[in-house]
Structure formats: structure tokens, C-alpha cells
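Visitor: Once you've had a glance at the structure underneath, I'll fire off some questions.
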Number of protein chains: 2
Amino acid sequence: MKKKQINIAVVGLGQVGNYLLNELNTKKKDIEIKTGKKINIEAISARNVNKKRKFKIKKEIFFKNPLEILKTKKIDILFEVIGLSDGMSKKIVETSLKKKIHVITPNKALIAKHGDYLGKLAEKNKVNLEFEASVGGGIPILRTLKDGLATNKIKKVIGILNGTCNYILSEMEKSKDSFFNVLKKAQMLGFAEPSNPKFDINGYDSLAKVRILSALAFNKLVSKNNCLMEGIENIELKDIQIANQLNLRIKLLGITELINNQLFERVHPCLVGKDSYIGNINGVMNAVILRGKPIGETALQGEGAGPGPTSSALLSDLVSILRGNIKYPFGIPFKKRKSIRNYDKSNYINSLYLRFEVKDKPGVLSKISKKLARYKISVKRLIQTPDKKNNKATIVIITHKTFEKNIIKCINSIKKKEYLIKAPTFIRVGNFNEN
Amino acid sequence: MKKKQINIAVVGLGQVGNYLLNELNTKKKDIEIKTGKKINIEAISARNVNKKRKFKIKKEIFFKNPLEILKTKKIDILFEVIGLSDGMSKKIVETSLKKKIHVITPNKALIAKHGDYLGKLAEKNKVNLEFEASVGGGIPILRTLKDGLATNKIKKVIGILNGTCNYILSEMEKSKDSFFNVLKKAQMLGFAEPSNPKFDINGYDSLAKVRILSALAFNKLVSKNNCLMEGIENIELKDIQIANQLNLRIKLLGITELINNQLFERVHPCLVGKDSYIGNINGVMNAVILRGKPIGETALQGEGAGPGPTSSALLSDLVSILRGNIKYPFGIPFKKRKSIRNYDKSNYINSLYLRFEVKDKPGVLSKISKKLARYKISVKRLIQTPDKKNNKATIVIITHKTFEKNIIKCINSIKKKEYLIKAPTFIRVGNFNEN
């Protein structure tokens, strides 16, 4: 950027947009010292002009329709903070890039879905498309992959990428309360979407972040693969308490790795050691572990969400653009980014935690054991706890490593049996000390 | 950088220089994809041309005196990996910058001592001086401060910055062996300097890194202050074992913070909770915790030393330069970096661990208690363990927060007393959950 004064537009005035605007205003001087550029907020857009806000917005810089900004104002850098995967989010980013306006966004849904197309568009128009805030909030993980560890060969990335889920799981353990009650509490505290928290809870949000991490870690196109995605909706307090007794903790993990040059992306709850690094990331914190060569293992943790950390990341993108730093949105040129074969998840081998709620009568355990044997599933640990009062029993089994497809077949063959009180629960057990 | 082929010189062929050279050779293609530049190793320098090495070096690119390289070759980027705080390290960096050659170095001693001067020289000549590898090896901590968290207001940085010390402390706990024996083991394993490990052990290495972190975190000149610097030479197995019983662990911490706009840099052993984040960084790992606004708390960990992680950081600097990224060595222009007042460490308030080895006779505890009371030191916890066989006893006291100067006065007033078998031990107790 040759010119000294830089015109900025902020599109979207939700929680993040508001915080960002305030940061931009208070840090003008700081930004000028670090980059030599003066920023000027030239336009703002939100659906409702008249909504009560903490600060006054000059009418002449306020636009109801963000596309109008691009028609009437000279903008250098635009922040998209609406947050849709398509619709106006895509439209405004696309139009901006075509008009050679740099774009900064925290929108993981948009980048996971249209990142390749938009990145290519940015490259073609020689402007930046920056999205540090889309993964890990306050953790500068994308910059670390693009710059800090640029020449490492990354093999595996493991993360706690959704603060809402991590909060819920931690709080269930702490307060011994049910998923449903803790979710309500999280909503009250602003840690979960009040209207529809589905995309946090079911793993979709984490998976979008996993896809972005894969693209950067392995220098590939963003995958559109059909991935293993499971959320925390079915985690019961009982499982958390049993895990606790076994010195384990349940975490929703996002994992991406290359197995024989095939990409294996997945999001699922996982039992991890209470003493492990990842087992100690609690509450709304996020963490990412990177394994590569020659770096070995590096881990980053920080607040994963909220307007503060998100704004910090948005401003780091701004500083990077103002300093005139690199323009490849995914670190390398678009044409060098290849698509990658998908790992066949039916080859996935894992140790699993199984919980059966059964009628308390003779022979049930032997029937379940027989079934396991038939599907070549060997048992590492078994705990049977009777509940005489209710005439039932809980059987928990930790298996040795086995093909998941066998487990699923086995469960399917059991789940209609009359001795079962409810469908069995199964949770993967992580062993992050290997490879 | 406009030109496509970039000539590189590597000065110093120790463990790091060798590894780096190999990485440069094997990653040429990768680097070209990421930056569009072809690198060419144009010159190498080491003291001994004829030393046996894993690879052959063409005689025509080999120089005994590195300054000769600058006289006869056209170099764009020079790696200084000799590692002295002055002497040829300073000379070659200085001469290179004056000749408008970019410099990359992992040399913390050089940067802590001459960083301001050399940084200014780089700025004046419009070239980069990059030193990511000088702190935290594989952890991209300097880049995180300069870029990823660029607009945050950092308040405090806490780190485990020396892998040798951390290994020794962890290993003493694990193997129940003495400092001296474990140091020997660390030397055998290559985790400690074989000839003179003094600068690792006595805190000097950590303090150099703390000074660099301060300059970047607070946007100030590198401090030359007389700092609190204590190493681990006096940590005894006994202290580690007592700490263990108290659910604590001893770590050598490097800390820098602003207290009322005064800089307080320090390196000392510290008792931290076994369940705390920093208490779980073991072996040769390094970790850095950053506290700031709006980021909250962010932590990074990874391998802190060794040629692999160091080369990873050196190559990230190379990629940054090849991409044409920012040139301010300390993130902001030299003239904006001010010196900063030093915090008067006699105001330092802390909780302390005191260990007295005393003769086992009546009245000793009461005498010590009286002394503590006289210096207004209040006791939080006291454990007296008799050793009847040797007719002695160990008294461990954890104090409430108190002025360190009072503790020191108190210890001085006790240490010549006939009831004391040896001088008292005192170790600071960290409470990292506050502010």
C-alpha cells in the first residue's frame, strides 16, 4: 500500500462488529506507529440504523445495504463480520475482492465453503483475503502455519476448536449437571447461541475450522469431503462421571492428518487422559497441537471466541495488510494447491469406550461378550455396576484397538436385543502419545 | 526483493549450522513455491575447512574468514550461527547490514546485548534483521508478538525459556538424583553444554531471552537493567521432594512485566502448582504465557532448543524476508522505541519457601519464629521433619506475601546462628492465577 490514509469499511454490527469498531477507534495511533498508515472508518453497515448502540454513528457513513458502500465510497479494506456461509457475506466479499479491496473476515463457514474460490479471486486481483479470526480466536494459529512454521512438514493437527462445547463438557463435570441444563446455562452466560446453538453442538463449527487448518497445514485445497462429524449432544453426565473414575476426560476434538497421503479429517468426542495436555484445556479455552518436522510438537492455547480475542485476530490481519505483507490467502499460490484423496474412514482403527445399560438378569454379560468376540473386538477393561433398586446394570467396556466398522456392526447387532434398556453409547478413546 | 535468485551465506557450521544447511538444500523447492524465489547457497564459513562432515562442501564456496565472503561474493541474505555475544558474530552481522545484506540469527546473546544498535543499522540500510530462533526455538513467539498479537496491550510474559534447566529439574524429580548427577547426564545426552554449561544453569541464557521478549512485548528498547537473576545451581533434590509433597514443582521462570509503567524483568526458580499449566511443561520443552488485552491469556509451547526447532525458526525468518515482509526488527520504528524505567526490585512482594536445616534441640523453632515475627513475616504453612538419627531437623516454611527485602534481612540475621547446620534455602512461590 503506497498511500498513507487507508479507508476502512465494517460490514455487520453484531457483538464482534461493535467491539471491532471500538478497537479500531482506540488503536488508530498504535496502528500508525506499527505500520506508518492512518486508518479512517469510511463506512459502516448493519441491518438496523436506528438500533440503540453504545456509541453514535454518523448518519453519512451508515449504510443499510453494504453493496451501496462499494458503489459510493472509496474503500481500501473491508471487514466482513456478518457471519453467513453464503448470502450477503459471500456477495460482499466477492464484490469487494473484484473491486481490488482487501477483505478481512472471521467467518469460518464462508471460508470453509468458498475459501478456494474467494482466495483465487483475491490472488487474481492482487489483494489480501485474511481470516486469522476464523480459527482459534485469540490463538494466532493460521499465521503460525503460514509464517512461523512455514517450512515444516506438518503431519497432524489436533484441536479443541469450539469453546461452547468445551465449556459445556467442563461444566457438566464440575457441576454434575445434565447436558440440557448446562447448555441452558451456557446460553444465559453468552457462551452458546441463544436461538440456535446447533452448529456449535453438533460439530459443524469445529469441522469448518478443521477444513481451514487442513488447507493451511498441508498446502491443499479446502476439502469438501464427507467427514466423520459427531457432536456432543449425546454425551451424558454418566459418561463424564465414569470417565472421571477412569482418570479420563471427554473432549470434543477436531483432528486432521495425512495417512499415506490421504486426508483424514474428523470431529468427534474423545476420551483423553486427565493428565494429558489436551485433557487440561478447560472451559471456553481453545487449543491446537501441531506435529511436524523438524519442529516436533508445538501447542498453542488461548481464548477461542468472544469479541475480544476475535478483534485481536482481526486487527492482526489489518496490521499485516497495512505492512504490505504476503498476499496468498492460503500461504502458497492457488495453482500449487492440489485437492487431496480422502482417507477411507472404514479403515479407522481405534480403542473405544462402550456403555451398555442392561436389565439385571443372568447371562447378559456373557451374551454381550460373545457378540464382541464374534466381531473380533477384544476387551481391555470391563466394569459392571449393578443398580439393584432399578433392577438394571451398567456395563462399561474399553476395547483394544479395533476397526470402528466392526464396533458399529456389533452394536447394530445388539441394539434391538430385549436385554438392552437403551441404545449403547460409544465414545472414541484417544491415544495422543503415539506417532 | 525484486530479483528471483537469492544468494545465501551460512556463517558457522556447528550443530545448528549443519542442520540448517541440510534444511536449505532439501527445502529449496518448497521455499520457491511459498515465496517465488530460488535460493542458492553461495558461501559457507567455518573455522576448520578440513573437519570431517556428513556432506561434501565445494572448496570454492568455503571461507575460513567470513568477512572475506562479503568482499568477494554477492550475498543477499546471511545466516549468523556462530553464537558469540561479540567478536566475529557482531562483526559479521554489522558488516553485512552495512552492505545492505539481510541477516538472520538465532543468537540471543548478540541480540540482547547489541540488538538495538544492530536493529537501527538494519532499519537505516532498509534490510531485515530477523531473530525468531533466539527465543523459544520451535515456538514462533517473536512473530506472535510482532504480528499475531500486534495490537494487543501486553501486560506480562512468563516463560520457561531454557530447556537445559527444565530438563534437569524434571529429571531430578523423576530419577530422584542430585543436581550434579543429572547435569552430567544432561551433558551426555547433549541437552547441556559439555564444556561450560554455566550460562544455561545460572539464568543468563533465560535473561537474554527475557530482555528480547520485553523489547517486543512492550515496544521498548532492550533493557540493560541490572535484573534479578538466579539460576538452579542451588536447587537440591530435597527441595524438589518437599515441593512434590506440597503438590508443587520447581521451575526456572523468566518473567517480564510492567508494574506502574516500570519494567520488572527477572529470572529465578519458582514453585508452581503441579496442576498449573506451567507446572506441566516438563523435560526440554519451553513455554511462554502472554497476558494482554483484549487477548486474555495465550500460551505457546514447543521444543525450545536443538538444531531441528532452531532451523525451523531460521527458515521461517528466511521465508518472511523472501516474501518481502516488514523490516522493523522490533516491530516498530527504532525512533518510537523508548527506554523504560526499571522497577525497584526491593518493592517485590512474594510468598516464599524457606528451608532451614537445624540442630535438633529445644527452642530452635521458637527462635526462628521470633525472628520471622520481628521482620513482619507471617507464616502460611510450616512443616518440621525430625531426623533423629543425625540429630537434626528440617523446618520448611511457606510465608504469606511479604517484601523480599525483609526475608533477606531476616535470613541474614539468622544464618550465622549456631543452631543452623547450613545457610537457609529460599525459593519464590508463584501464584499465576492472580492478575
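Residue names in the C-alpha cells use chain letters A, B, ... in the order shown, residue numbers from 1 in each chain, and ligand numbers from 1 in the order shown.
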Contacts between region 276-296 of chain B and region 260-375 of chain A, please, where a residue of region 260-375 of chain A counts if it comes within 7 Å (with only C-alpha atoms); show its shortest atom pair and distance in Å to one decimal, rows by chain and ascending number, as a tab-separated table.
Guide:
residue	atom	partner	partner_atom	distance
A:Glu303	CA	B:Gly296	CA	6.8
A:Gly308	CA	B:Pro294	CA	4.8
A:Pro309	CA	B:Ile295	CA	4.7
A:Ser312	CA	B:Ile295	CA	6.2
Visitor: How about saving the chosen residues, C-alpha atoms kept, as a tab-separated table (two decimals), in the first residue's frame?
Guide:
chain	number	residue	atom	x	y	z
A	303	GLU	CA	-9.44	-17.89	24.39
A	308	GLY	CA	-12.07	-9.53	22.41
A	309	PRO	CA	-9.92	-12.36	21.05
A	312	SER	CA	-7.36	-9.14	18.30
Visitor: If you count only C-alpha atoms, which residues fall within 8 Å of region 7-19 of chain A, apart from same-chain ones fewer than 3 positions away, as a list of chain:residue names?
Guide: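 Answer for this query is A:Asn22, A:Glu23, A:Ile39, A:Asn40, A:Ile41, A:Glu42, A:Ala43, A:Ile44, A:Ser45, A:Ala46, A:Arg47, A:Pro66, A:Lys74, A:Ile75, A:Asp76, A:Ile77, A:Leu78, A:Phe79, A:Glu80, A:Val81, A:Ile82, A:Gly306, A:Pro307, A:Gly308, A:Thr310, A:Ser311.
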Visitor: Those same residues - N, CA and C atoms - I'd like them written as a PDB file, in the first residue's frame.
Guide:
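Writing the result to selection-v2.pdb gives the following:
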ATOM      1  N   ASN A  22     -14.849  -0.284  18.066  1.00  0.00           N
ATOM      2  CA  ASN A  22     -14.267   0.391  19.210  1.00  0.00           C
ATOM      3  C   ASN A  22     -12.741   0.235  19.223  1.00  0.00           C
ATOM      4  N   GLU A  23     -12.249  -0.970  18.928  1.00  0.00           N
ATOM      5  CA  GLU A  23     -10.811  -1.215  18.878  1.00  0.00           C
ATOM      6  C   GLU A  23     -10.154  -0.372  17.782  1.00  0.00           C
ATOM      7  N   ILE A  39      -5.559   5.015   9.616  1.00  0.00           N
ATOM      8  CA  ILE A  39      -6.819   4.408   9.186  1.00  0.00           C
ATOM      9  C   ILE A  39      -7.983   5.350   9.448  1.00  0.00           C
ATOM     10  N   ASN A  40      -8.980   5.220   8.596  1.00  0.00           N
ATOM     11  CA  ASN A  40     -10.144   6.091   8.655  1.00  0.00           C
ATOM     12  C   ASN A  40     -11.383   5.237   8.402  1.00  0.00           C
ATOM     13  N   ILE A  41     -12.305   5.249   9.347  1.00  0.00           N
ATOM     14  CA  ILE A  41     -13.519   4.443   9.151  1.00  0.00           C
ATOM     15  C   ILE A  41     -14.478   5.215   8.253  1.00  0.00           C
ATOM     16  N   GLU A  42     -14.578   4.716   7.053  1.00  0.00           N
ATOM     17  CA  GLU A  42     -15.258   5.450   5.986  1.00  0.00           C
ATOM     18  C   GLU A  42     -16.715   5.000   5.839  1.00  0.00           C
ATOM     19  N   ALA A  43     -16.998   3.759   6.245  1.00  0.00           N
ATOM     20  CA  ALA A  43     -18.366   3.266   6.089  1.00  0.00           C
ATOM     21  C   ALA A  43     -18.643   2.123   7.060  1.00  0.00           C
ATOM     22  N   ILE A  44     -19.901   2.071   7.493  1.00  0.00           N
ATOM     23  CA  ILE A  44     -20.360   1.009   8.391  1.00  0.00           C
ATOM     24  C   ILE A  44     -21.693   0.506   7.854  1.00  0.00           C
ATOM     25  N   SER A  45     -21.920  -0.773   7.992  1.00  0.00           N
ATOM     26  CA  SER A  45     -23.214  -1.269   7.545  1.00  0.00           C
ATOM     27  C   SER A  45     -23.809  -2.226   8.558  1.00  0.00           C
ATOM     28  N   ALA A  46     -25.090  -2.071   8.809  1.00  0.00           N
ATOM     29  CA  ALA A  46     -25.845  -3.011   9.642  1.00  0.00           C
ATOM     30  C   ALA A  46     -27.287  -2.919   9.211  1.00  0.00           C
ATOM     31  N   ARG A  47     -28.046  -3.975   9.564  1.00  0.00           N
ATOM     32  CA  ARG A  47     -29.426  -4.006   9.084  1.00  0.00           C
ATOM     33  C   ARG A  47     -30.272  -2.881   9.657  1.00  0.00           C
ATOM     34  N   PRO A  66     -24.884  -3.055   2.382  1.00  0.00           N
ATOM     35  CA  PRO A  66     -23.428  -2.910   2.271  1.00  0.00           C
ATOM     36  C   PRO A  66     -22.940  -2.732   0.835  1.00  0.00           C
ATOM     37  N   LYS A  74     -14.866   5.156  -1.562  1.00  0.00           N
ATOM     38  CA  LYS A  74     -13.568   4.588  -1.936  1.00  0.00           C
ATOM     39  C   LYS A  74     -13.017   3.839  -0.721  1.00  0.00           C
ATOM     40  N   ILE A  75     -13.110   2.524  -0.771  1.00  0.00           N
ATOM     41  CA  ILE A  75     -12.694   1.694   0.372  1.00  0.00           C
ATOM     42  C   ILE A  75     -11.412   0.923   0.028  1.00  0.00           C
ATOM     43  N   ASP A  76     -10.481   0.847   0.973  1.00  0.00           N
ATOM     44  CA  ASP A  76      -9.265   0.051   0.761  1.00  0.00           C
ATOM     45  C   ASP A  76      -9.356  -1.323   1.407  1.00  0.00           C
ATOM     46  N   ILE A  77      -9.937  -1.352   2.611  1.00  0.00           N
ATOM     47  CA  ILE A  77     -10.018  -2.611   3.356  1.00  0.00           C
ATOM     48  C   ILE A  77     -11.417  -2.761   3.932  1.00  0.00           C
ATOM     49  N   LEU A  78     -12.011  -3.936   3.727  1.00  0.00           N
ATOM     50  CA  LEU A  78     -13.360  -4.172   4.238  1.00  0.00           C
ATOM     51  C   LEU A  78     -13.369  -5.341   5.227  1.00  0.00           C
ATOM     52  N   PHE A  79     -14.004  -5.119   6.375  1.00  0.00           N
ATOM     53  CA  PHE A  79     -14.218  -6.202   7.339  1.00  0.00           C
ATOM     54  C   PHE A  79     -15.604  -6.782   7.121  1.00  0.00           C
ATOM     55  N   GLU A  80     -15.684  -8.087   6.845  1.00  0.00           N
ATOM     56  CA  GLU A  80     -16.983  -8.761   6.762  1.00  0.00           C
ATOM     57  C   GLU A  80     -17.208  -9.458   8.093  1.00  0.00           C
ATOM     58  N   VAL A  81     -18.173  -8.955   8.875  1.00  0.00           N
ATOM     59  CA  VAL A  81     -18.464  -9.597  10.162  1.00  0.00           C
ATOM     60  C   VAL A  81     -19.954  -9.905  10.303  1.00  0.00           C
ATOM     61  N   ILE A  82     -20.551 -10.305   9.169  1.00  0.00           N
ATOM     62  CA  ILE A  82     -21.962 -10.717   9.217  1.00  0.00           C
ATOM     63  C   ILE A  82     -22.023 -12.167   9.682  1.00  0.00           C
ATOM     64  N   GLY A 306     -15.404 -15.014  21.511  1.00  0.00           N
ATOM     65  CA  GLY A 306     -15.705 -13.771  22.197  1.00  0.00           C
ATOM     66  C   GLY A 306     -15.156 -12.627  21.384  1.00  0.00           C
ATOM     67  N   PRO A 307     -15.768 -11.468  21.536  1.00  0.00           N
ATOM     68  CA  PRO A 307     -15.390 -10.331  20.688  1.00  0.00           C
ATOM     69  C   PRO A 307     -13.957  -9.844  20.917  1.00  0.00           C
ATOM     70  N   GLY A 308     -13.429  -9.994  22.130  1.00  0.00           N
ATOM     71  CA  GLY A 308     -12.067  -9.526  22.412  1.00  0.00           C
ATOM     72  C   GLY A 308     -11.026 -10.271  21.592  1.00  0.00           C
ATOM     73  N   THR A 310     -11.438 -12.286  19.138  1.00  0.00           N
ATOM     74  CA  THR A 310     -11.731 -12.206  17.710  1.00  0.00           C
ATOM     75  C   THR A 310     -11.219 -10.886  17.138  1.00  0.00           C
ATOM     76  N   SER A 311     -11.458  -9.794  17.852  1.00  0.00           N
ATOM     77  CA  SER A 311     -10.973  -8.491  17.376  1.00  0.00           C
ATOM     78  C   SER A 311      -9.452  -8.448  17.329  1.00  0.00           C
TER      79      SER A 311
END
Visitor: Give me, as a PyMOL selection string, the contact residues of chain A against chain B at a cut-off of 9 Å, counting only C-alpha atoms.
Guide: chain A and resi 27+30-31+33-35+132+137-141+143-144+147-152+275+277+280+293-303+307-313+315-317+319-320+323-326+328+331-333+336
Visitor: Would you please give, as an MDAnalysis selection string, all residues of region 196-431 of chain B that DSSP assigns to strand (DSSP E or B) based on the backbone?
Guide: chainID B and resid 220 228:229 248:259 262:273 285:293 296:303 338 342 349:359 379:387 392:399 402:403 420 425:429
Visitor: What's the separation between CA of Ala122 (chain A) and CA of Leu97 (chain A), in Å to one decimal place?
Guide: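 Interatomic distance, CA of Ala122 (chain A) to CA of Leu97 (chain A): 5.6 Å.
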Visitor: I'd like the contact shell of Ser378 (chain B) - 9 Å cut-off, only C-alpha atoms, skipping same-chain residues fewer than 3 positions apart - returned as JSON, numbers by chain.
Guide: {"B": [372, 373, 375, 398, 399, 400, 401, 402]}
Visitor: Go ahead and save the picked residues with C-alpha atoms, as an mmCIF file, in the first residue's frame.
Guide:
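Saved result, part35.cif, follows:
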data_model
loop_
_atom_site.group_PDB
_atom_site.id
_atom_site.type_symbol
_atom_site.label_atom_id
_atom_site.label_comp_id
_atom_site.auth_asym_id
_atom_site.auth_seq_id
_atom_site.Cartn_x
_atom_site.Cartn_y
_atom_site.Cartn_z
ATOM 1 C CA LEU B 372 10.253 -14.017 61.369
ATOM 2 C CA ALA B 373 7.866 -12.026 63.520
ATOM 3 C CA TYR B 375 10.720 -8.863 60.283
ATOM 4 C CA ILE B 398 5.870 -21.061 53.323
ATOM 5 C CA THR B 399 5.314 -17.413 54.088
ATOM 6 C CA HIS B 400 2.422 -15.187 53.260
ATOM 7 C CA LYS B 401 3.209 -12.461 50.775
ATOM 8 C CA THR B 402 5.901 -10.256 52.111
#
Visitor: Tell me, in Å to one decimal, how far CA of Ile168 (chain A) is from CA of Val182 (chain A).
Guide: 6.0 Å
Visitor: Neighbouring residues of region 161-165 of chain A were defined as those with any atom within 10 Å, considering only C-alpha atoms; residues of the same chain fewer than 5 positions away were excluded. Please report them as a PyMOL selection string.
Guide: chain A and resi 135-137+170-171+183+186-187+190-193+197+200-210+231-233+251-255+267+269+282-288+303-306
Visitor: What is the distance between CA of Pro194 (chain B) and CA of Ile57 (chain B), in Å to one decimal?
Guide: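 Interatomic distance here is 27.0 Å.
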Visitor: Please determine, counting only C-alpha atoms, which residue among B:Ile411, B:Ile259, B:Val93, B:Ile395 has the shortest atom-to-atom distance to Lys345 (chain B).
Guide: B:Ile259
Visitor: Looking only at the backbone, which of the residues in region 267-407 of chain A does DSSP tag as alpha helix (DSSP H), as number ranges by chain?
Guide: A: 307-322, 364-374, 404-407
Visitor: Create the file for the chosen residues now, containing C-alpha atoms and written as a tab-separated table (two decimals), in the first residue's frame.
Guide:
chain	number	residue	atom	x	y	z
A	307	PRO	CA	-15.39	-10.33	20.69
A	308	GLY	CA	-12.07	-9.53	22.41
A	309	PRO	CA	-9.92	-12.36	21.05
A	310	THR	CA	-11.73	-12.21	17.71
A	311	SER	CA	-10.97	-8.49	17.38
A	312	SER	CA	-7.36	-9.14	18.30
A	313	ALA	CA	-7.10	-11.53	15.37
A	314	LEU	CA	-8.95	-9.18	13.00
A	315	LEU	CA	-6.56	-6.37	13.90
A	316	SER	CA	-3.53	-8.59	13.37
A	317	ASP	CA	-4.82	-9.17	9.84
A	318	LEU	CA	-5.23	-5.43	9.41
A	319	VAL	CA	-1.68	-4.74	10.57
A	320	SER	CA	-0.37	-7.42	8.22
A	321	ILE	CA	-2.13	-5.85	5.23
A	322	LEU	CA	-1.06	-2.34	6.18
A	364	VAL	CA	-26.45	-60.72	29.78
A	365	LEU	CA	-22.74	-60.09	30.17
A	366	SER	CA	-21.96	-63.41	28.54
A	367	LYS	CA	-24.22	-62.57	25.60
A	368	ILE	CA	-22.52	-59.22	25.07
A	369	SER	CA	-19.08	-60.83	25.40
A	370	LYS	CA	-19.95	-63.41	22.79
A	371	LYS	CA	-21.08	-60.71	20.37
A	372	LEU	CA	-17.85	-58.79	20.88
A	373	ALA	CA	-15.84	-61.93	20.23
A	374	ARG	CA	-17.76	-62.67	17.07
A	404	GLU	CA	-14.59	-49.00	14.04
A	405	LYS	CA	-16.70	-50.64	11.38
A	406	ASN	CA	-16.64	-53.84	13.43
A	407	ILE	CA	-17.80	-52.00	16.51
